[in-house]
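The next block holds one structure in the form of C-alpha cells; read it before the comments.
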Amino acid sequence: MKHKYHKGLINGMASLISIVMGLVFGFALLLIFNPRYALPGFGNLMSAGFTSSEKLAKVFYQSAPLLMTGLSVAFAFKTGLFNIGATGQYTLGAFFSLVAVVQFRLPWWAGILLAMVGGAVMGFIPGVCKALFNVNEVITSIMFNWISLFVVNLSINNMPLLLANAWGAINKDRTAALTSPKFVAYNPNATIPKAGLDQLLGSNYMNIAVFIAILIALIIWLVMNRTTFGYELKACGYNRFASDYAGINAKRNIILSMTIAGALAGIGGGLYYLSGTAQYTIVKSLLAMGFNGIPVALLASSNPLGTIFSALFISFIQVGGDLLQPEYSREIIDIIISVIIYLSAFALLMRGWISKLLMRNQTENVNEELDDSSASDDAAESEESAK
Amino acid sequence: MSEFVIEMLNITKKFPGIIANDDVTLQLKKGEIHALLGENGAGKSTLMSVLFGLYKPEGGVIKKDGQVVQINDPNDANRLNIGMVHQHFKLVEVFTVLDNIILGAEETKHGFLQKKEARAKVMQLSEKYGLQVDPDALIEEIGVGMQQRVEILKMLFRENDILIFDEPTAVLTPQEISELMQIMRNFAQEGKSILFITHKLNEIMAVADRVTVLRKGKGIGTVNVADTTVDELAEMMVGRKINFTLDKAPATPGDPALTVQNLVVGDKHHAKKKVNNVSFTVHKGEIVGIAGIDGNGQSDLVYALTGLMKPESGAIYIGDHDITHMDVRGRNDLGLAHIPEDRHKYGLVLDYTLAENLILKNYYTPSFQHAGFLRFDEMYRYCDDLSKRFDIRSSQGSATIVRSMSGGNQQKAIVARELSLQPDVIIAMQPTRGLDVGAIEYIHKQILAARDDQKAVLLVSLELDEVMSVSDRILVMFEGEIVAEIDAKSATAQELGLYMSGANRQSRMEVEQQ
Amino acid sequence: MTSNVIADILSGTILFAVPLMLVALGGMFSERSGIINIALEGIMVIGALFGCLFLSVVEASGIGAAYSQLWVLGAVLIAAVTGAVFSLLLAFASIQLKADQTIGGTALNMMAPAIAIVLTWVIQGQGQSTILIPSWVRITQANFGITAGNGFLERFIFKSLFLTTPLAFILLIVAIVALYKTRLGLRLRSCGEHPQAADSVGINVYKMRYLGVSISGFLGGIGGFAFTVAAGSGFQSSVAGYGFLALAVMIFGNWKPLNILGASLFFALFKVIGSYAGSIPFLPQFEGIKSAEYIYLMLPYIVTMIVLILTSKKSRAPKAEGIPYDKGGR
C-alpha cells in the first residue's frame, strides 16, 4: 500500500500548490484593481470564515450542498463519466424535497430521501442514453439540465401551495419560507434540525446538514475503495473493454454510476432548500451550485475524502469574498477559483515530476527493468494502445 | 567519397530508467540490403526512429555520404531521402489511400490541394514497382497487404532512396513475404539502400547482404550474411544457444473440452460473414493452433468463443454445457480462461495495481470478498504467490500500478491470472506478442504444462513459428473459414502458407475427419 | 397563421441558428485537431464582452451612426481576436501541459463570466452590469436607402438583420473549403485522427492543435457576439448555456460543417416555434396550465434528445480527440 499512500499525498500537495498560486494571483488582482484596499481586502478574504462564529456557520451552511454536488461530479469522474448534469439533478432534488414537506407534509428526512430519488432520476436518464444508445453523457446532461429547470418551474407555478404567497408573503416568484410562522404551524418538521448548533455558533444558518454531507462522503469513499461494487465501477471507468472481458456488466454499471451521481446531487438540493434559510426562486437560468461541484471535484482529484476539504475551502473563500465589497466586485472570487482550477493543470505536470523523482530513487528496480526490458516495444505498444 | 551512404556512429539514446541504444554503430552501404537483428526490446526500432528523426539521440553522430548531418524531425530525414515503413502502420483510417500518401508532402497552389498531379504520380509509381493500390479507397476498408503497399508508396512518392522497413513481414503470408523480398531486391538493384529490421532469422538469410545484431541496447557486431549461419546469428542475438524446438511430450487427448459447431459471426457493415460456418473440437490434453493472416476472422472467432461478441448462429460447448448465448462470467465460471490478443485493451486495467488486476476474474468469489467488502489481505497474499510462481517483476510488488510495468511482465501477469484460475479450457491469442525470447520460452512452457495437465488449449497466433512449434494440431483460417487441418508434426511453412493465403484448401471432409 | 408569423419564425430561426452554428463550427475545428473544447461557453462570453465594449466606446464618442456597419465589423473582429487569445489558455494547458482537457475548459468557463462582470463594473461603474447595444447595429431598410414596406420577403429579411448573419454563412463556406480542400485542413484533420501518422510525415502536431483551438476561439468569439446582438437586451455576462448547446449541435452534426448547419437550424426552429406558439393555430395552447410557456421552452431540448437517441449509433468522433499527444511516446 506504500505507493497508494504516496499517490494521495502527491495529489494533495499538487492541489495545495495550485491553491497557493491561485491565491497569490488573486492578491495581484486586488492590487491591480484597487491597490489601497488590497492588503486588508486579502486579509479579510483569508480570515473572514474564522472571524466570527456566524461566518463559520455560513461556511458550513454553504459547503453542505457544495460537497454533495462535488461528490456527485467526483463519483462520476471516478467511473469515467463527466456529470455536467449535476445542476439539473440538484434542481429536481430540491423540487422533490419541497413537494415532500409542503404538499405532503412529510418530515425533513423524507424530503431528503425524495430529493435523492429526484436526483437519481435525472442521473438515470443520461446513464441510459449513454449505455444503451451511445449518446454522449455530456450532451444528454446539458439537455436535461434545462428540461429539469423548466419542468420544475412549470410544476411550481401550477402547485399554488408551494408558493410563498400561500403562506403569508406577497411574492409568488419563489417557494414558501419554511420558517414563516404560518408554515411552521402546518409542518414543524420540515426543516433540517439544528441540534443546538445554532445556539453554539449564534447563527440561524447552522444545522446538521454539513455533517450529513460529510457522512455521505465517508460512505462514498468506503464504497469506492473497499467494496467489490466500487472495484467494478472504477474498472468500468478506467477501461470499459477490460471490464467486458472480466465479465462485468459495463452497461449496468454506467447506468448505476450516473444514477448514484444524480442521487448525490439531488441530496444536495434537498439539504440546501430544506434548511429553512433558502427559498427556491423561479428564474430562467441554471442554478450555479450544480456547476460549482465541478471545481470541488477537480481540486480534490475526485477523491471523496478530498472533496470534503475542497468544498469547505471553496465555501470559505466565497464567504470571504462577500467581504470584498464594496471596494471590489464579488466576482473576483470566481476569478480566483477559476485560476486555481486552471493552475491545477500545472499541478498535474508537477505530479508527474514528483513521481518520476521517487521512481529514480529506487535504483534496484531500474536494474530489474533492464534485465527484463522490453523498452522500445513498450513505446510501440503505448502507441498501439493510444489508437 | 565514403563507401557508406549512411553511418550511425556511437549512437546513444536514453529514456527514463532505460538506455535503449548504448553506443551503437551501424553503417549502410549504397545498394545493399542491411538487416538489423535483435529480439523484442533490443533497441532496433529506437535506432531507426533516431535515423528517421522521431527521436533525438543523447550521443553519437549520423553521417550521410561522409558528411555529418542533423536529423531533428521526419522532414529532415525526408530531405536526406530517408523513408520508413513502420511496424504499426501510420495511416489515417478515415482518409483515402491517396490522401495518406500525399499527407505531409502535398502539392499545393496558394494553399489549395492539387490532387490531380499527385494521383498521376502515384499511379505511375504503383505500375512501375508492381504495388497495386486503389487510390480512392479508405484505409479502414482495405486489407493489411494493401496498407503496407501504401506505406511503401509513401516513401517512393517522396523519392526516398534510403528505405527503412520495420518488421514488415509480421502481417504477410509466406508468399507475400517472398514478393516483398523481390521488391526489396529490385530496389537494391536500382541503387536504393535498404535497412530491414527483423527478429526472423530465416528472412535475413534469404534476402540480406549484411546484418548488424543488437542485444539489450548494445551493438554486438556486423557480419556478412554469406559468412554466417542461423545458429550463429541466434546466439549473437540472445547471448546463449537457443533451443529452437520445444521439449514436447506427445499429446494424449482425452474427452472433448471445447466444441464449436457451425459457428457464424456476422459483420455489421458488410454482408460477408467474419466467421463463416466454423466447426472444430479441442480435446483435453491437446493444443490446437489456429494459423492465419491477421484479419481472417481469428479475432472474431475468439471473441465469440469468450463471450465478447454475439454469434449469429451455431453452437459452442464447454464439455456438455451449451455456452453459445451465455454471458462472459458464466463462461468463466465454467472453466474458460482467455489470454487476450491486446493486453492493454482487454487484458488489464492499466491504472489498477497488480493485485487488483490479478483478481479481475474472481474478485467476487468468497476468497476475495466478504459481504461485498474486498478482502485485501487475501488479495495481497494471492498476488505475492502468483508473482513468485510466475516470476512477475514489478517495482512495488502488489501495489505497483500495472501501467508502469514492462510489456513482458504485464503479459506474465495475465498468463499467471488465467492459468491460476484452474481452467479447463484456455484460449490464448497472441500470448507472446512483443516479448523477448526468455519470456516467450517461459510462456510456451506454461502452456505445455497446462496441456500435460489435461487442460485443453486453443492457441491463436499470427506467428507461424509459434503455431508450428507449440501446437499438436493446426487449423488454418482464411476469410472466416477453416480451410485446412494438419498434424503439427508433419506441417511445413510452405504448405501452411498456401492455405493461409487461400491458394489451397482442403475439402470439408478432410477437415472434419480429424 | 399569417404570413407575418411565418416570416417572423423563419427570420428568428436563422437569427438563433447563426451563433449556434458559428460556435459549433469552432468546436469542430478544435476537436478535429484533437482537442476537446468545453470552454466554448467562456469563449463566447469573452468575445461578446469585448465586442460590446468596443461598440459602447464607439457609441459614446458619437461617431457610431455614420459607417455603422463598419464599426460592427470592427466589433466582430475584436470579438474574434479576443476569443482566439482567450482560447490560447486552453491550448496551452491541453497541448503544452498535457492537462485533462476538461479541467482547462471548465476553468475558462468559470473565469469568463467573472472577468466579464468585474471588467464591466470597472469600466461602467459599480452596479452597471449590462452593456447596452446601440441601435445602429441593426441593419434596416434605411441602410439600403429603401423605405420600409411590409411584404413577406421584406419582413423575413429585415426583422432582425445583423451583419453577423451573412458573415456567418460566408464563414461556413470558408470553413468547408478550408477543411476539405486545403493542405492545412488535411493536416489538421490528420492530427485529430492519428497524430503519430502526422508526426511521422513531419507535421508539427502541436502547432496544428494550437491552430485548431485558436480557430475555435476565433469563431466562438464571433458567435458570442452574434448571440448577444441577437438576444437584444445587451450583454449581461452570460450566454445562457449556448456554448454547451453548440457542443450538442457539433456532436449532433457529426463534426461535419453542413450537418452542423442543419443541426443548428433544426434546434433554432424549435426554439423559435415555442415563442410563437400562441400564434400558431394547430399547436396546443395548454389553456388550463399556468406558465405554459415552459412547455415550449423545453421543446428544442426534448426534440434534440430524441434525434440524438435515434442517430448516435453512427456517431463518429475524431479518433484521437481528448488524448494529449506526446512526441516522446513513452
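Starting from 1 in every chain, residues are counted up; chains themselves are A, B, ... following the order of the C-alpha cells, and ligands are numbered from 1 as listed.
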**OP:** Please return as number ranges by chain: the residues of stretch 20-259 of chain A that backbone DSSP assigns to helix (DSSP H, G or I).
**Re:** A: 20-33, 35-51, 53-78, 86-103, 108-133, 137-157, 160-162, 164-167, 181-186, 197-201, 209-226, 228-238, 240-245, 250-259
Taking a cut-off of 7 Å and counting only C-alpha atoms, can you build a table that, for each residue of chain B near chain C, reports the nearest atom pair and how far apart they are in Å (one decimal), sorted by chain then residue number, as CSV?
```
residue,atom,partner,partner_atom,distance
B:Asp73,CA,C:Gly202,CA,6.3
B:Pro74,CA,C:Gly202,CA,4.7
B:Asn75,CA,C:Gly202,CA,4.9
B:Lys90,CA,C:Ala197,CA,4.2
B:Leu91,CA,C:Ala197,CA,5.7
B:Val92,CA,C:His194,CA,5.6
B:Leu103,CA,C:Arg187,CA,6.9
B:Gly104,CA,C:Val201,CA,5.3
B:Glu106,CA,C:Arg183,CA,6.8
B:Gly111,CA,C:Thr182,CA,5.7
B:Phe112,CA,C:Thr182,CA,4.3
B:Leu113,CA,C:Thr182,CA,5.2
```
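Interface residues of chain A facing chain C, defined by any atom at most 6 Å away and using only C-alpha atoms, are Phe133, Asn134, Val135, Ile139, Met143, Ile147, Phe150, Leu154, Asn158, Ser329, Glu331, Asp334, Ile335, Ser338, Ile341, Tyr342, Ala345 and Ala379 of chain A.
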Subject >> Residue contacts of C:Ser135 (10 Å, only C-alpha atoms) excluding same-chain residues fewer than 5 positions away, as a PyMOL selection string >> reply: chain C and resi 59+64-65+68+232
Could you take the residues named above and write them with N, CA and C atoms, as a PDB file, in the first residue's frame?
```pdb
ATOM      1  N   GLU C  59     -20.106  54.242 -29.584  1.00  0.00           N
ATOM      2  CA  GLU C  59     -21.365  54.954 -29.366  1.00  0.00           C
ATOM      3  C   GLU C  59     -21.129  56.199 -28.537  1.00  0.00           C
ATOM      4  N   GLY C  64     -20.924  56.657 -34.048  1.00  0.00           N
ATOM      5  CA  GLY C  64     -21.491  55.357 -34.366  1.00  0.00           C
ATOM      6  C   GLY C  64     -22.373  55.297 -35.591  1.00  0.00           C
ATOM      7  N   ALA C  65     -23.316  56.200 -35.655  1.00  0.00           N
ATOM      8  CA  ALA C  65     -24.344  56.037 -36.683  1.00  0.00           C
ATOM      9  C   ALA C  65     -23.776  56.123 -38.093  1.00  0.00           C
ATOM     10  N   SER C  68     -22.074  52.752 -39.780  1.00  0.00           N
ATOM     11  CA  SER C  68     -22.429  51.872 -38.671  1.00  0.00           C
ATOM     12  C   SER C  68     -21.907  50.461 -38.851  1.00  0.00           C
ATOM     13  N   GLY C 232     -30.664  40.759 -27.958  1.00  0.00           N
ATOM     14  CA  GLY C 232     -31.317  42.061 -27.958  1.00  0.00           C
ATOM     15  C   GLY C 232     -31.295  42.857 -26.674  1.00  0.00           C
TER      16      GLY C 232
END
```
Subject >> Neighbours of chain A in chain B at 7 Å, counting only C-alpha atoms, as a ChimeraX atom specification >> reply: /B:17-18,20,40-41,43,45-46,308,328-329,344-349,351,360-361,364,372-374,395,399,406-408,434-435
The selected residues should be written to file as an mmCIF file, in the first residue's frame (atoms: C-alpha atoms).
```
data_model
loop_
_atom_site.group_PDB
_atom_site.id
_atom_site.type_symbol
_atom_site.label_atom_id
_atom_site.label_comp_id
_atom_site.auth_asym_id
_atom_site.auth_seq_id
_atom_site.Cartn_x
_atom_site.Cartn_y
_atom_site.Cartn_z
ATOM 1 C CA GLY B 17 15.090 4.491 -16.483
ATOM 2 C CA ILE B 18 16.422 2.766 -19.577
ATOM 3 C CA ALA B 20 17.598 1.962 -25.346
ATOM 4 C CA ASN B 40 11.960 -7.606 -28.919
ATOM 5 C CA GLY B 41 13.289 -4.827 -26.758
ATOM 6 C CA GLY B 43 16.568 -1.295 -29.405
ATOM 7 C CA SER B 45 13.076 0.327 -33.586
ATOM 8 C CA THR B 46 14.570 3.026 -31.410
ATOM 9 C CA LEU B 308 -17.277 -10.648 -26.091
ATOM 10 C CA VAL B 328 -18.815 -13.813 -20.105
ATOM 11 C CA ARG B 329 -18.966 -14.517 -16.396
ATOM 12 C CA HIS B 344 -3.734 -3.212 -22.832
ATOM 13 C CA LYS B 345 -7.205 -3.080 -24.230
ATOM 14 C CA TYR B 346 -8.746 -6.244 -22.812
ATOM 15 C CA GLY B 347 -6.331 -7.986 -20.550
ATOM 16 C CA LEU B 348 -5.564 -5.377 -17.919
ATOM 17 C CA VAL B 349 -6.911 -2.308 -16.218
ATOM 18 C CA ASP B 351 -4.494 2.133 -13.826
ATOM 19 C CA LEU B 360 -10.002 -9.301 -12.172
ATOM 20 C CA LYS B 361 -11.790 -12.554 -12.880
ATOM 21 C CA TYR B 364 -16.455 -11.626 -6.459
ATOM 22 C CA GLY B 372 -19.374 -7.046 -0.620
ATOM 23 C CA PHE B 373 -16.179 -5.828 1.003
ATOM 24 C CA LEU B 374 -12.871 -6.731 -0.584
ATOM 25 C CA SER B 395 8.750 -2.091 -8.868
ATOM 26 C CA ALA B 399 0.871 -2.162 -5.143
ATOM 27 C CA SER B 406 7.088 -3.696 -18.786
ATOM 28 C CA GLY B 407 5.144 -5.481 -21.518
ATOM 29 C CA GLY B 408 6.737 -8.791 -20.681
ATOM 30 C CA GLY B 434 6.147 -8.224 -28.235
ATOM 31 C CA LEU B 435 8.034 -10.345 -25.707
#
```
Neighbours of C:Ile157 within 9 Å (only C-alpha atoms; same-chain residues fewer than 5 positions away dropped), as a short mmCIF file (atom, residue, chain, number, x, y, z; two decimals) with C-alpha atoms, in the first residue's frame?
```cif
data_model
loop_
_atom_site.label_atom_id
_atom_site.label_comp_id
_atom_site.auth_asym_id
_atom_site.auth_seq_id
_atom_site.Cartn_x
_atom_site.Cartn_y
_atom_site.Cartn_z
CA ALA C 7 -41.77 35.37 -41.78
CA SER C 11 -36.20 35.01 -39.58
CA PHE C 152 -43.26 38.87 -46.62
#
```
